[in-house]
$ cat structure_25.cif   # mmCIF, C-alpha atoms
data_work
#
loop_
_atom_site.label_atom_id
_atom_site.label_comp_id
_atom_site.auth_asym_id
_atom_site.auth_seq_id
_atom_site.Cartn_x
_atom_site.Cartn_y
_atom_site.Cartn_z
CA MET H 24 46.79 12.86 15.15
CA SER H 25 45.41 12.86 18.67
CA GLU H 26 43.14 10.06 19.68
CA ALA H 27 40.20 12.29 20.40
CA LEU H 28 40.42 13.81 16.96
CA GLN H 29 40.66 10.36 15.37
CA LEU H 30 37.61 9.30 17.29
CA GLY H 31 35.73 12.40 16.25
CA VAL H 32 36.54 11.86 12.59
CA ILE H 33 35.45 8.22 12.59
CA VAL H 34 32.19 9.03 14.29
CA LEU H 35 31.56 11.91 11.92
CA VAL H 36 32.24 9.94 8.76
CA ALA H 37 30.31 6.89 9.92
CA THR H 38 27.34 9.02 10.89
CA LEU H 39 27.43 10.74 7.53
CA MET H 40 27.47 7.40 5.75
CA GLY H 41 24.48 6.24 7.75
CA LEU H 42 22.64 9.46 7.02
CA LEU H 43 23.47 9.17 3.36
CA ALA H 44 22.11 5.66 3.34
CA ARG H 45 18.87 6.93 4.82
CA LEU H 46 18.71 9.75 2.28
CA TYR H 47 19.29 7.30 -0.53
CA MET H 48 16.51 5.06 0.71
CA LEU H 49 14.17 8.02 0.83
CA ARG H 50 14.46 8.40 -2.90
CA VAL H 51 14.33 4.75 -3.85
CA ASP H 52 10.59 4.49 -3.44
CA TYR H 53 8.36 7.44 -4.21
CA ARG H 54 5.45 5.61 -2.76
CA GLN H 55 6.82 5.48 0.74
CA TYR H 56 6.49 9.21 1.07
CA PRO H 57 7.27 11.60 2.83
CA SER H 58 5.16 13.83 0.72
CA TYR H 59 5.45 16.80 2.97
CA PRO H 60 8.48 18.73 4.25
CA GLN H 61 8.04 17.78 7.91
CA GLY H 62 8.10 14.19 6.82
CA TYR H 63 11.58 14.64 5.40
CA ALA H 64 12.68 16.24 8.68
CA ILE H 65 11.30 13.33 10.71
CA HIS H 66 12.84 10.65 8.54
CA LEU H 67 16.23 12.30 8.30
CA THR H 68 16.46 13.18 11.97
CA LEU H 69 15.64 9.64 13.01
CA GLY H 70 18.12 8.38 10.45
CA PHE H 71 20.75 10.66 11.91
CA ILE H 72 20.09 9.41 15.43
CA ALA H 73 20.28 5.82 14.27
CA ALA H 74 23.52 6.43 12.41
CA PHE H 75 25.12 8.31 15.28
CA LEU H 76 24.27 5.64 17.83
CA ALA H 77 25.84 2.98 15.67
CA ALA H 78 28.88 5.13 14.90
CA VAL H 79 29.85 5.60 18.54
CA LEU H 80 29.31 1.95 19.37
CA ILE H 81 32.63 0.62 18.11
CA PRO H 82 34.87 3.26 19.72
CA ALA H 83 32.87 2.83 22.93
CA LEU H 84 33.36 -0.94 22.87
CA LEU H 85 37.07 -0.52 22.24
CA ASP H 86 37.16 1.73 25.27
CA LYS H 87 35.59 -1.10 27.21
CA GLU H 88 32.39 0.87 27.74
CA TYR H 89 30.20 -2.16 27.16
CA THR H 90 27.13 -0.39 28.44
CA ALA H 91 27.04 1.34 25.07
CA VAL H 92 25.17 -1.69 23.80
CA THR H 93 22.21 -0.66 25.90
CA PHE H 94 21.98 2.44 23.75
CA LEU H 95 21.24 0.24 20.80
CA ALA H 96 18.51 -1.51 22.69
CA PHE H 97 17.12 1.86 23.62
CA ALA H 98 17.22 2.92 20.00
CA ALA H 99 15.35 -0.21 18.98
CA THR H 100 12.59 0.62 21.43
CA GLN H 101 12.36 4.14 20.10
CA PHE H 102 12.11 3.01 16.51
CA ARG H 103 9.43 0.53 17.36
CA GLU H 104 7.46 3.31 19.00
CA VAL H 105 7.92 5.52 16.00
CA ARG H 106 6.60 2.74 13.82
CA ALA H 107 3.51 2.52 16.04
CA ILE H 108 3.01 6.28 15.79
CA GLU H 109 3.35 6.13 12.03
CA ARG H 110 0.82 3.33 11.82
CA THR H 111 -1.66 5.19 14.03
CA SER H 112 -1.39 8.44 12.11
CA LEU H 113 -1.87 6.68 8.78
CA ALA H 114 -4.83 4.77 10.15
CA ASN H 115 -6.38 7.99 11.40
CA MET H 116 -6.19 9.44 7.94
CA GLU H 117 -7.91 6.48 6.29
CA ASN H 118 -11.37 7.97 6.44
CA THR H 119 -10.19 11.00 4.52
CA GLU H 120 -9.15 8.82 1.60
CA LEU H 121 -11.68 8.20 -1.17
CA VAL H 122 -10.11 4.80 -1.75
CA PRO H 123 -8.54 3.72 1.55
CA ARG H 124 -5.15 2.04 1.76
CA GLY H 125 -6.25 -0.80 4.02
CA SER H 126 -4.52 -1.92 7.20
CA ALA H 127 -2.16 -4.33 5.43
CA TYR H 128 -0.69 -1.56 3.32
CA ILE H 129 -0.34 0.73 6.33
CA GLU H 130 1.39 -2.00 8.28
CA GLY H 131 3.81 -2.45 5.41
CA ILE H 132 4.63 1.26 5.28
CA ALA H 133 5.19 1.45 9.03
CA ARG H 134 7.41 -1.62 8.97
CA VAL H 135 9.53 -0.27 6.14
CA PHE H 136 9.90 2.98 8.04
CA GLU H 137 11.29 1.13 11.04
CA ALA H 138 13.48 -1.11 8.93
CA ARG H 139 15.12 1.79 7.13
CA ASN H 140 16.31 3.27 10.39
CA TYR H 141 17.93 -0.04 11.22
CA LEU H 142 19.56 -0.14 7.82
CA ALA H 143 20.98 3.34 8.41
CA MET H 144 22.32 2.02 11.70
CA LEU H 145 23.94 -0.95 10.00
CA THR H 146 25.56 1.17 7.33
CA SER H 147 27.01 3.48 9.93
CA LEU H 148 28.19 0.56 12.06
CA PHE H 149 30.06 -1.08 9.22
CA ALA H 150 31.55 2.22 8.13
CA ALA H 151 32.82 2.84 11.65
CA ALA H 152 34.15 -0.71 11.83
CA GLY H 153 35.97 -0.31 8.53
CA ALA H 154 37.56 2.95 9.64
CA GLN H 155 38.56 1.52 12.98
CA LEU H 156 40.20 -1.52 11.39
CA VAL H 157 42.25 0.67 9.09
CA LEU H 158 43.28 2.88 12.00
CA ILE H 159 44.48 -0.14 13.92
CA PHE H 160 46.39 -1.74 11.07
CA LEU H 161 47.83 1.41 9.56
CA LYS H 162 48.58 2.92 12.94
CA GLY H 163 46.53 6.06 12.97
CA GLN H 164 46.55 7.28 9.39
CA ILE H 165 43.36 9.20 9.20
CA ILE H 166 42.88 9.63 5.45
CA PRO H 167 42.87 5.92 4.57
CA ALA H 168 40.57 5.38 7.53
CA VAL H 169 38.09 7.87 6.16
CA GLY H 170 38.40 6.26 2.76
CA ALA H 171 37.75 2.85 4.27
CA ALA H 172 34.67 4.18 6.04
CA VAL H 173 33.29 5.63 2.84
CA ILE H 174 33.97 2.50 0.82
CA THR H 175 32.54 0.15 3.44
CA GLY H 176 29.52 2.37 3.81
CA LEU H 177 28.89 2.41 0.07
CA VAL H 178 29.29 -1.35 -0.20
CA VAL H 179 26.79 -1.93 2.60
CA LEU H 180 24.42 0.61 1.08
CA LEU H 181 24.44 -1.05 -2.31
CA ALA H 182 24.10 -4.50 -0.78
CA LEU H 183 21.13 -3.40 1.29
CA ARG H 184 19.46 -1.60 -1.55
CA GLY H 185 18.02 -4.87 -2.74
CA SER H 186 16.30 -5.43 0.56
CA THR H 187 14.29 -2.21 0.45
CA THR H 188 12.79 -2.78 -2.97
CA GLY H 189 10.41 -5.67 -2.84
CA GLN H 190 8.43 -7.37 -5.55
CA VAL H 191 5.69 -5.69 -7.49
CA ILE H 192 2.50 -7.15 -8.88
CA GLY H 193 4.02 -7.18 -12.34
CA ASP H 194 6.58 -9.71 -11.08
CA ILE H 195 4.02 -12.21 -9.86
CA ALA H 196 1.14 -11.83 -12.31
CA GLU H 197 0.20 -11.02 -15.86
CA ILE H 198 -1.98 -7.99 -16.27
CA HIS H 199 -4.36 -7.45 -19.17
CA PHE H 200 -6.79 -4.68 -19.92
CA ALA H 201 -10.37 -5.92 -20.20
CA PRO H 202 -13.46 -3.97 -21.24
CA VAL H 203 -16.37 -3.35 -18.90
CA GLU H 204 -19.38 -5.47 -19.85
CA PHE H 205 -22.92 -5.36 -18.58
CA GLU H 206 -25.39 -8.19 -18.23
CA GLY H 207 -28.48 -6.30 -17.20
CA PRO H 208 -27.49 -4.43 -14.07
CA LEU H 209 -24.50 -6.69 -13.46
CA LEU H 210 -21.10 -5.23 -14.23
CA LYS H 211 -18.66 -7.86 -15.45
CA VAL H 212 -14.97 -7.77 -16.21
CA GLY H 213 -13.27 -10.84 -17.62
CA GLY H 214 -16.31 -12.95 -16.85
CA VAL H 215 -16.38 -12.05 -13.16
CA VAL H 216 -19.40 -10.22 -11.75
CA LEU H 217 -18.09 -7.23 -9.85
CA MET H 218 -21.19 -5.34 -8.85
CA ASN H 219 -24.85 -4.63 -9.42
CA VAL H 220 -25.29 -1.13 -10.75
CA GLY H 221 -28.91 -0.09 -10.41
CA LEU H 222 -28.78 3.44 -11.77
CA GLU H 223 -29.02 3.64 -15.55
CA GLU H 224 -26.85 6.71 -15.94
CA ALA H 225 -24.15 5.14 -13.81
CA ARG H 226 -24.31 2.05 -16.06
CA ASN H 227 -23.94 4.19 -19.16
CA THR H 228 -20.97 6.08 -17.76
CA LEU H 229 -19.23 2.89 -16.71
CA GLN H 230 -19.87 1.22 -20.04
CA ARG H 231 -18.49 4.18 -21.94
CA GLU H 232 -15.59 5.26 -19.80
CA GLY H 233 -14.95 2.56 -17.24
CA MET H 234 -11.79 0.48 -17.48
CA GLY H 235 -11.34 -3.08 -16.43
CA ALA H 236 -8.30 -5.24 -15.90
CA VAL H 237 -7.64 -8.90 -15.29
CA ILE H 238 -4.68 -9.87 -13.11
CA LYS H 239 -3.64 -13.48 -13.75
CA PRO H 240 -1.31 -14.98 -11.15
CA LYS H 241 1.79 -16.68 -12.54
CA ASP H 242 1.81 -19.48 -9.99
CA GLU H 243 0.13 -20.82 -6.86
CA ASN H 244 2.10 -18.52 -4.59
CA ALA H 245 0.92 -15.53 -6.57
CA LYS H 246 -2.62 -16.86 -6.49
CA ALA H 247 -2.55 -17.00 -2.70
CA THR H 248 -1.03 -13.54 -2.46
CA LEU H 249 -3.63 -12.01 -4.74
CA ALA H 250 -6.41 -13.61 -2.74
CA ASN H 251 -5.45 -11.44 0.22
CA LEU H 252 -7.92 -8.61 0.73
CA GLY H 253 -5.23 -6.23 1.89
CA GLN H 254 -3.27 -6.79 -1.30
CA ARG H 255 -6.28 -6.12 -3.49
CA GLN H 256 -7.18 -3.02 -1.51
CA ALA H 257 -3.61 -1.78 -1.94
CA ILE H 258 -3.89 -2.29 -5.71
CA LEU H 259 -7.14 -0.32 -5.81
CA HIS H 260 -5.70 2.48 -3.69
CA ASP H 261 -2.54 2.87 -5.72
CA VAL H 262 -4.31 2.70 -9.04
CA ALA H 263 -6.92 5.22 -7.90
CA THR H 264 -4.16 7.53 -6.65
CA LEU H 265 -2.13 7.30 -9.83
CA LEU H 266 -4.91 7.50 -12.37
CA GLY H 267 -7.43 9.56 -10.47
CA VAL H 268 -10.87 8.22 -9.63
CA ARG H 269 -14.19 9.89 -10.41
CA LEU H 270 -15.71 9.33 -7.06
CA ASP H 271 -17.10 11.23 -4.13
CA ILE H 272 -18.51 10.27 -0.77
CA GLY H 273 -22.18 10.58 -1.65
CA GLU H 274 -21.87 8.58 -4.87
CA PRO H 275 -20.60 5.08 -4.34
CA ASP H 276 -21.52 3.82 -7.81
CA PHE H 277 -18.04 4.49 -9.15
CA THR H 278 -16.08 2.92 -6.31
CA PRO H 279 -13.29 0.82 -7.75
CA LEU H 280 -13.74 -2.84 -6.93
CA ALA H 281 -11.71 -6.00 -7.24
CA ARG H 282 -13.05 -9.53 -7.16
CA ARG H 283 -11.54 -12.95 -7.69
CA HIS H 284 -12.43 -15.51 -10.27
CA LEU H 285 -13.08 -18.31 -7.80
CA LYS H 286 -11.52 -21.12 -9.79
CA SER H 287 -8.52 -19.58 -11.47
CA GLY H 288 -7.66 -17.05 -8.79
CA ALA H 289 -7.45 -14.27 -11.34
CA VAL H 290 -8.50 -10.89 -10.03
CA SER H 291 -10.78 -8.65 -12.06
CA LEU H 292 -11.05 -5.01 -11.26
CA VAL H 293 -13.01 -2.00 -12.46
CA LEU H 294 -12.01 1.63 -12.25
CA LEU H 295 -13.58 4.82 -13.51
CA ALA H 296 -10.51 6.96 -13.90
CA SER H 297 -10.09 10.64 -14.66
CA GLU H 298 -8.95 9.69 -18.12
CA TYR H 299 -9.54 6.61 -20.19
CA ASP H 300 -6.07 5.14 -20.64
CA PRO H 301 -5.75 1.33 -20.73
CA ASP H 302 -1.96 1.35 -20.95
CA ALA H 303 -1.68 3.57 -17.90
CA LEU H 304 -3.95 1.22 -15.99
CA VAL H 305 -1.91 -1.86 -16.80
CA LYS H 306 1.32 -0.06 -15.97
CA ALA H 307 -0.04 1.29 -12.69
CA ILE H 308 -1.20 -2.15 -11.57
CA SER H 309 2.12 -3.75 -12.45
CA ARG H 310 3.98 -1.26 -10.24
CA VAL H 311 1.91 -1.85 -7.10
CA PRO H 312 4.14 -3.39 -4.43
CA VAL H 313 3.45 -6.88 -3.16
CA LEU H 314 2.67 -6.45 0.51
CA GLU H 315 4.76 -8.46 2.92
CA ALA H 316 1.71 -9.18 5.00
CA ALA H 317 -0.07 -10.57 1.94
CA LYS H 318 2.74 -12.73 0.62
CA LYS H 319 1.99 -16.40 0.88
CA ARG H 320 4.08 -19.31 -0.30
CA PRO H 321 2.01 -22.50 -0.28
CA LEU H 322 4.39 -24.09 -2.77
CA ASP H 323 7.10 -24.21 -0.13
CA GLU H 324 5.18 -26.91 1.70
CA GLU H 325 4.50 -30.36 0.34
CA SER H 326 0.79 -30.23 1.07
CA GLY H 327 0.68 -26.93 -0.75
CA ARG H 328 2.32 -28.50 -3.76
CA MET H 329 -0.01 -31.46 -3.70
CA ALA H 330 -3.11 -29.31 -3.70
CA ARG H 331 -2.67 -27.89 -7.16
CA MET Y 4 -24.63 -6.26 13.41
CA PRO Y 5 -25.17 -6.24 9.66
CA ARG Y 6 -22.45 -4.57 7.66
CA GLU Y 7 -24.79 -3.67 4.85
CA GLU Y 8 -27.96 -1.77 5.53
CA ILE Y 9 -31.05 -1.58 3.35
CA VAL Y 10 -31.85 2.10 3.22
CA ALA Y 11 -34.88 1.99 0.92
CA ILE Y 12 -36.73 -0.18 -1.55
CA ILE Y 13 -38.32 1.22 -4.68
CA ALA Y 14 -40.75 -1.29 -6.14
CA ALA Y 15 -43.00 -1.33 -9.17
CA SER Y 16 -45.96 -2.78 -7.36
CA ARG Y 17 -47.12 -4.12 -4.01
CA GLU Y 18 -46.76 -7.82 -4.83
CA LEU Y 19 -43.03 -7.57 -5.22
CA THR Y 20 -42.05 -6.70 -1.66
CA GLY Y 21 -42.84 -7.44 1.94
CA GLU Y 22 -43.41 -4.78 4.52
CA ALA Y 23 -39.83 -4.31 5.71
CA GLY Y 24 -38.38 -0.84 5.87
CA PRO Y 25 -39.08 2.26 3.80
CA VAL Y 26 -40.72 1.20 0.54
CA VAL Y 27 -41.68 3.45 -2.31
CA PHE Y 28 -44.09 2.23 -4.99
CA CYS Y 29 -43.81 3.53 -8.50
CA SER Y 30 -44.88 1.85 -11.73
CA ASP Y 31 -42.93 4.04 -14.13
CA PRO Y 32 -39.32 2.75 -14.61
CA SER Y 33 -37.69 6.10 -15.27
CA GLU Y 34 -39.47 7.59 -12.30
CA ARG Y 35 -38.17 4.69 -10.21
CA GLN Y 36 -34.66 5.49 -11.38
CA ARG Y 37 -35.07 9.14 -10.43
CA ILE Y 38 -36.39 8.35 -6.97
CA ALA Y 39 -33.64 5.81 -6.42
CA ARG Y 40 -31.02 8.29 -7.49
CA TYR Y 41 -32.28 10.97 -5.15
CA ILE Y 42 -32.53 8.61 -2.20
CA SER Y 43 -29.06 7.25 -2.83
CA ARG Y 44 -27.51 10.70 -3.02
CA VAL Y 45 -29.16 11.84 0.16
CA THR Y 46 -28.20 8.71 2.11
CA SER Y 47 -24.81 7.92 0.46
CA GLY Y 48 -26.15 4.55 -0.53
CA MET Y 49 -25.68 2.48 -3.67
CA VAL Y 50 -28.54 1.58 -5.96
CA HIS Y 51 -28.95 -2.08 -6.94
CA ASP Y 52 -31.35 -3.53 -9.45
CA LEU Y 53 -32.99 -6.88 -8.68
CA GLY Y 54 -34.22 -7.23 -12.20
CA ASN Y 55 -37.87 -7.79 -11.35
CA GLY Y 56 -38.90 -4.18 -11.08
CA VAL Y 57 -37.40 -3.68 -7.65
CA LEU Y 58 -34.53 -1.31 -6.90
CA MET Y 59 -32.74 -1.31 -3.57
CA VAL Y 60 -30.66 1.41 -1.99
CA ILE Y 61 -28.04 -0.14 0.25
CA ARG Y 62 -25.42 1.44 2.44
CA HIS Y 63 -22.25 -0.68 2.42
#
$ encode --input "structure_25.cif" --output "structure tokens"
Amino acid sequence: MSEALQLGVIVLVATLMGLLARLYMLRVDYRQYPSYPQGYAIHLTLGFIAAFLAAVLIPALLDKEYTAVTFLAFAATQFREVRAIERTSLANMENTELVPRGSAYIEGIARVFEARNYLAMLTSLFAAAGAQLVLIFLKGQIIPAVGAAVITGLVVLLALRGSTTGQVIGDIAEIHFAPVEFEGPLLKVGGVVLMNVGLEEARNTLQREGMGAVIKPKDENAKATLANLGQRQAILHDVATLLGVRLDIGEPDFTPLARRHLKSGAVSLVLLASEYDPDALVKAISRVPVLEAAKKRPLDEESGRMAR
Amino acid sequence: MPREEIVAIIAASRELTGEAGPVVFCSDPSERQRIARYISRVTSGMVHDLGNGVLMVIRH
């Protein structure tokens, strides 16, 4: 088989593997959208570009075209810009959300978006490398080379899968349903005062149909993570999205709120959902992702361990 | 710049408040609730109860 054809096949297969990796990662997390068709187009096109750039790198290097590496640097710049665009567009939409995501959550989404393009690049790179190695050792047999590309690509994909799914709240804390209690105008959940509800009819509605939950951290690291405002806002946003919130802009009485128990670090929250369903609430909270920006690990340091 | 803004105060009687901002006096509790509700809807504020016959509408 002619060299040009060999080259073409390697690049094609490697690019496909990278694209497949990107497609796979699209499905892995429903929360990371895209929730609209153009979103799919954007993600897949960028994934394709990333994969293609990585696929041509190895043949280019073997041809002693070392300047090909600058393409990768160029790609990195582009992806960083795309991340910034993503962050800006999400931030612009915040004031259309009844329960906003918060900047920490947005940052996390934008970062994951960038990271997934790099992962597509890596998959494609390793696939191309695998194919090239086989071509060298088996002296130009194209079918085994393609097979090697596919296998390498799949291995990398499965290995990287773990890095795109992070922890969820259910991993770091215990979640219990707790009823909404009132002490005069003060709304309490799990002994923590969440808000002062002045309107009687709002009090009655919340008492009847409001749901509360207590999130107890499993260790000091979890306690520090849950203290983060961005993390709590993300919990409220996700739960409100999943369960529906009876809220509108002119009526802030039913805004979901989360507050800490100052000593134990447990977080109490209240939500007036579309439907009263305690199990759904607990499940929804447990599936909220732990934000990278919120993650803290005081136990890794000695002074953190001492201050228990 | 304060993040929270007192939009209105609805008090049961004159002794309970100072002279700051829009104050409405009303001795009947259910009437107070009604006034507070209307003000809060119009201004997108939240009603809070101080427990001594004073309701506040605050924009957060």
$ residues_around --input "structure_25.cif" --residues "Gln230 in chain H" --least-positions-apart "4" --cutoff "9 Å" --atoms "all atoms listed in the file" --output "number ranges by chain"
H: 202-205, 210, 225-226, 234
$ resolve_selection --input "structure_25.cif" --expression "the PyMOL selection byres ((chain Y) within 10 of (chain H))" --output "list in words"
Ser33, Arg35, Gln36, Arg37, Ala39, Arg40, Ser43, Arg44, Val45, Thr46, Ser47, Gly48, Met49, Val50, His51, Asp52, Leu53, Gly54, Val57, Leu58, Met59, Val60, Arg62 and His63 of chain Y
$ atom_distance --input "structure_25.cif" --atom1 "CA of Gly176 in chain H" --atom2 "CA of Phe136 in chain H"
20.1 Å
$ residues_around --input "structure_25.cif" --residues "range 32-44 of chain H" --least-positions-apart "4" --cutoff "9 Å" --atoms "all atoms listed in the file" --output "PyMOL selection string"
chain H and resi 27-28+48-49+67-68+70-79+82+139+142-152+154-155+165+168-169+172-173+176-177+179-180
$ write_last_selection --input "structure_25.cif" --atoms "C-alpha atoms" --output "mmCIF file, in the coordinates of the input"
data_model
loop_
_atom_site.group_PDB
_atom_site.id
_atom_site.type_symbol
_atom_site.label_atom_id
_atom_site.label_comp_id
_atom_site.auth_asym_id
_atom_site.auth_seq_id
_atom_site.Cartn_x
_atom_site.Cartn_y
_atom_site.Cartn_z
ATOM 1 C CA ALA H 27 40.200 12.290 20.400
ATOM 2 C CA LEU H 28 40.420 13.810 16.960
ATOM 3 C CA MET H 48 16.510 5.060 0.710
ATOM 4 C CA LEU H 49 14.170 8.020 0.830
ATOM 5 C CA LEU H 67 16.230 12.300 8.300
ATOM 6 C CA THR H 68 16.460 13.180 11.970
ATOM 7 C CA GLY H 70 18.120 8.380 10.450
ATOM 8 C CA PHE H 71 20.750 10.660 11.910
ATOM 9 C CA ILE H 72 20.090 9.410 15.430
ATOM 10 C CA ALA H 73 20.280 5.820 14.270
ATOM 11 C CA ALA H 74 23.520 6.430 12.410
ATOM 12 C CA PHE H 75 25.120 8.310 15.280
ATOM 13 C CA LEU H 76 24.270 5.640 17.830
ATOM 14 C CA ALA H 77 25.840 2.980 15.670
ATOM 15 C CA ALA H 78 28.880 5.130 14.900
ATOM 16 C CA VAL H 79 29.850 5.600 18.540
ATOM 17 C CA PRO H 82 34.870 3.260 19.720
ATOM 18 C CA ARG H 139 15.120 1.790 7.130
ATOM 19 C CA LEU H 142 19.560 -0.140 7.820
ATOM 20 C CA ALA H 143 20.980 3.340 8.410
ATOM 21 C CA MET H 144 22.320 2.020 11.700
ATOM 22 C CA LEU H 145 23.940 -0.950 10.000
ATOM 23 C CA THR H 146 25.560 1.170 7.330
ATOM 24 C CA SER H 147 27.010 3.480 9.930
ATOM 25 C CA LEU H 148 28.190 0.560 12.060
ATOM 26 C CA PHE H 149 30.060 -1.080 9.220
ATOM 27 C CA ALA H 150 31.550 2.220 8.130
ATOM 28 C CA ALA H 151 32.820 2.840 11.650
ATOM 29 C CA ALA H 152 34.150 -0.710 11.830
ATOM 30 C CA ALA H 154 37.560 2.950 9.640
ATOM 31 C CA GLN H 155 38.560 1.520 12.980
ATOM 32 C CA ILE H 165 43.360 9.200 9.200
ATOM 33 C CA ALA H 168 40.570 5.380 7.530
ATOM 34 C CA VAL H 169 38.090 7.870 6.160
ATOM 35 C CA ALA H 172 34.670 4.180 6.040
ATOM 36 C CA VAL H 173 33.290 5.630 2.840
ATOM 37 C CA GLY H 176 29.520 2.370 3.810
ATOM 38 C CA LEU H 177 28.890 2.410 0.070
ATOM 39 C CA VAL H 179 26.790 -1.930 2.600
ATOM 40 C CA LEU H 180 24.420 0.610 1.080
#
$ resolve_selection --input "structure_25.cif" --expression "the PyMOL selection byres ((chain H and resi 96-110) around 7)" --output "PyMOL selection string"
chain H and resi 92-95+111-114+129-130+133-134+136-137
$ residues_around --input "structure_25.cif" --residues "Arg283 in chain H" --least-positions-apart "4" --cutoff "8 Å" --atoms "only C-alpha atoms" --output "short mmCIF file (atom, residue, chain, number, x, y, z; two decimals) with C-alpha atoms, in the coordinates of the input"
data_model
loop_
_atom_site.label_atom_id
_atom_site.label_comp_id
_atom_site.auth_asym_id
_atom_site.auth_seq_id
_atom_site.Cartn_x
_atom_site.Cartn_y
_atom_site.Cartn_z
CA VAL H 215 -16.38 -12.05 -13.16
CA ALA H 250 -6.41 -13.61 -2.74
CA GLY H 288 -7.66 -17.05 -8.79
CA ALA H 289 -7.45 -14.27 -11.34
CA VAL H 290 -8.50 -10.89 -10.03
CA SER H 291 -10.78 -8.65 -12.06
#
$ resolve_selection --input "structure_25.cif" --expression "the PyMOL selection byres ((chain H and resi 316) around 8)" --output "PyMOL selection string"
chain H and resi 127+130-131+314-315+317-318
$ residues_around --input "structure_25.cif" --residues "Ala14 in chain Y" --least-positions-apart "2" --cutoff "7 Å" --atoms "all atoms listed in the file" --output "VMD selection string"
chain Y and resid 12 16 19 27 to 29 56 to 58
$ residues_around --input "structure_25.cif" --residues "Val122 in chain H" --least-positions-apart "6" --cutoff "10 Å" --atoms "only C-alpha atoms" --output "ChimeraX atom specification"
/H:256-257,259-264,268,270-271,278-280
$ residues_near_point --input "structure_25.cif" --point "(-39.5, 3.0, 2.9)" --cutoff "10 Å" --atoms "all atoms listed in the file" --output "ChimeraX atom specification"
/Y:9-13,22-28
$ atom_distance --input "structure_25.cif" --atom1 "CA of Ile42 in chain Y" --atom2 "CA of Leu121 in chain H"
20.9 Å
$ atom_distance --input "structure_25.cif" --atom1 "CA of Lys211 in chain H" --atom2 "CA of Asn55 in chain Y"
19.6 Å
$ closest_residue --input "structure_25.cif" --among "H:Ile81, H:Val191, H:Ile258, H:Val157" --to "Arg282 in chain H" --atoms "all atoms listed in the file"
H:Ile258
$ closest_residue --input "structure_25.cif" --among "H:Asn140, H:Tyr89, H:Arg184, H:Thr119" --to "Tyr47 in chain H" --atoms "all atoms listed in the file"
H:Arg184
